[in-house]
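Colleague: One structure follows; several queries about it will come next.
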Amino acid sequence: LVLSAIILFVIIMLITGLKSCSADNKLTGLWKLDDMTAYQFDNDGTGAMVLTNRKYDFTFKIKGDQLCIDYESEMLVDGNYTYLIKGDTLTLTEADSSNASTYELHKQDE
């Protein structure tokens, strides 16, 4: 009985956690950082950093105002950001740094 209760609790926590880390429909789309770098966010929690001649796939999770990016390539450093969308501007501020950098990305028409 105790084991069944523990298993049920773990299942509920997993389901609740997955719901709280779902994609944000406002985030979906292509966001340009500069002339060479853009970020694509898809509804299914996947995306890519798109450079002029290369693409790096990632998965992402959102919890509240936190955006966590996990790159498939081990060459890249995963990122945790506080994010804010205002109009067609996405502002990302590094969440794990005492010297946090802020990045402004602009939504692109698709």
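For the structure tokens, the naming scheme is as follows: chains receive sequential letters (A, B, ...) according to their order of presentation, residues are indexed from 1 within each chain, and ligands are indexed from 1 in presentation order.
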Would you kindly return, as an MDAnalysis selection string, each protein, DNA or RNA residue with an atom no farther than 9 Å from any atom of region 66-69 of chain A, considering only C-alpha atoms and excluding same-chain residues fewer than 6 positions away?
Modeller: chainID A and resid 58:60 78:83 92 95
Colleague: Between CA of Tyr39 (chain A) and CA of Leu90 (chain A), what is the spacing in Å?
Modeller: 10.6 Å
Colleague: I'd like the neighbourhood of Leu51 (chain A) as a list in words, where a residue qualifies if any of its atoms comes within 12 Å (using only C-alpha atoms), though same-chain residues fewer than 3 positions away should be ignored.
Modeller: Trp31, Lys32, Leu33, Asp34, Asp35, Met36, Thr37, Ala38, Tyr39, Gln40, Ala48, Arg54, Lys55, Tyr56 and Asp57 of chain A
Colleague: I'd like the neighbourhood of Thr89 (chain A) as a list in words, where a residue qualifies if any of its atoms comes within 6 Å (using only C-alpha atoms), though same-chain residues fewer than 2 positions away should be ignored.
Modeller: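 That gives Ile85, Lys86, Gly87, Leu105 and His106 of chain A.
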Colleague: For Thr91 (chain A), work out the shell of residues within 6 Å, counting only C-alpha atoms and skipping chain neighbours fewer than 3 positions away, then give it as a VMD selection string.
Modeller: chain A and resid 83 to 84 103 to 104
Colleague: Write the selection just made, keeping C-alpha atoms, as a compact mmCIF listing (two decimals), in the first residue's frame?
Modeller:
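As a result, selection-v5.txt now contains:
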# COMPACT_ATOMS: atom_id res chain seq x y z
CA TYR A 83 12.57 35.89 -20.25
CA LEU A 84 10.07 38.60 -21.11
CA TYR A 103 19.96 39.89 -24.92
CA GLU A 104 17.24 41.46 -27.04
Colleague: Could you please determine the separation between CA of Asp96 (chain A) and CA of Leu27 (chain A) in Å, to one decimal place?
Modeller: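 Computed distance, CA of Asp96 (chain A) to CA of Leu27 (chain A), equals 21.0 Å.
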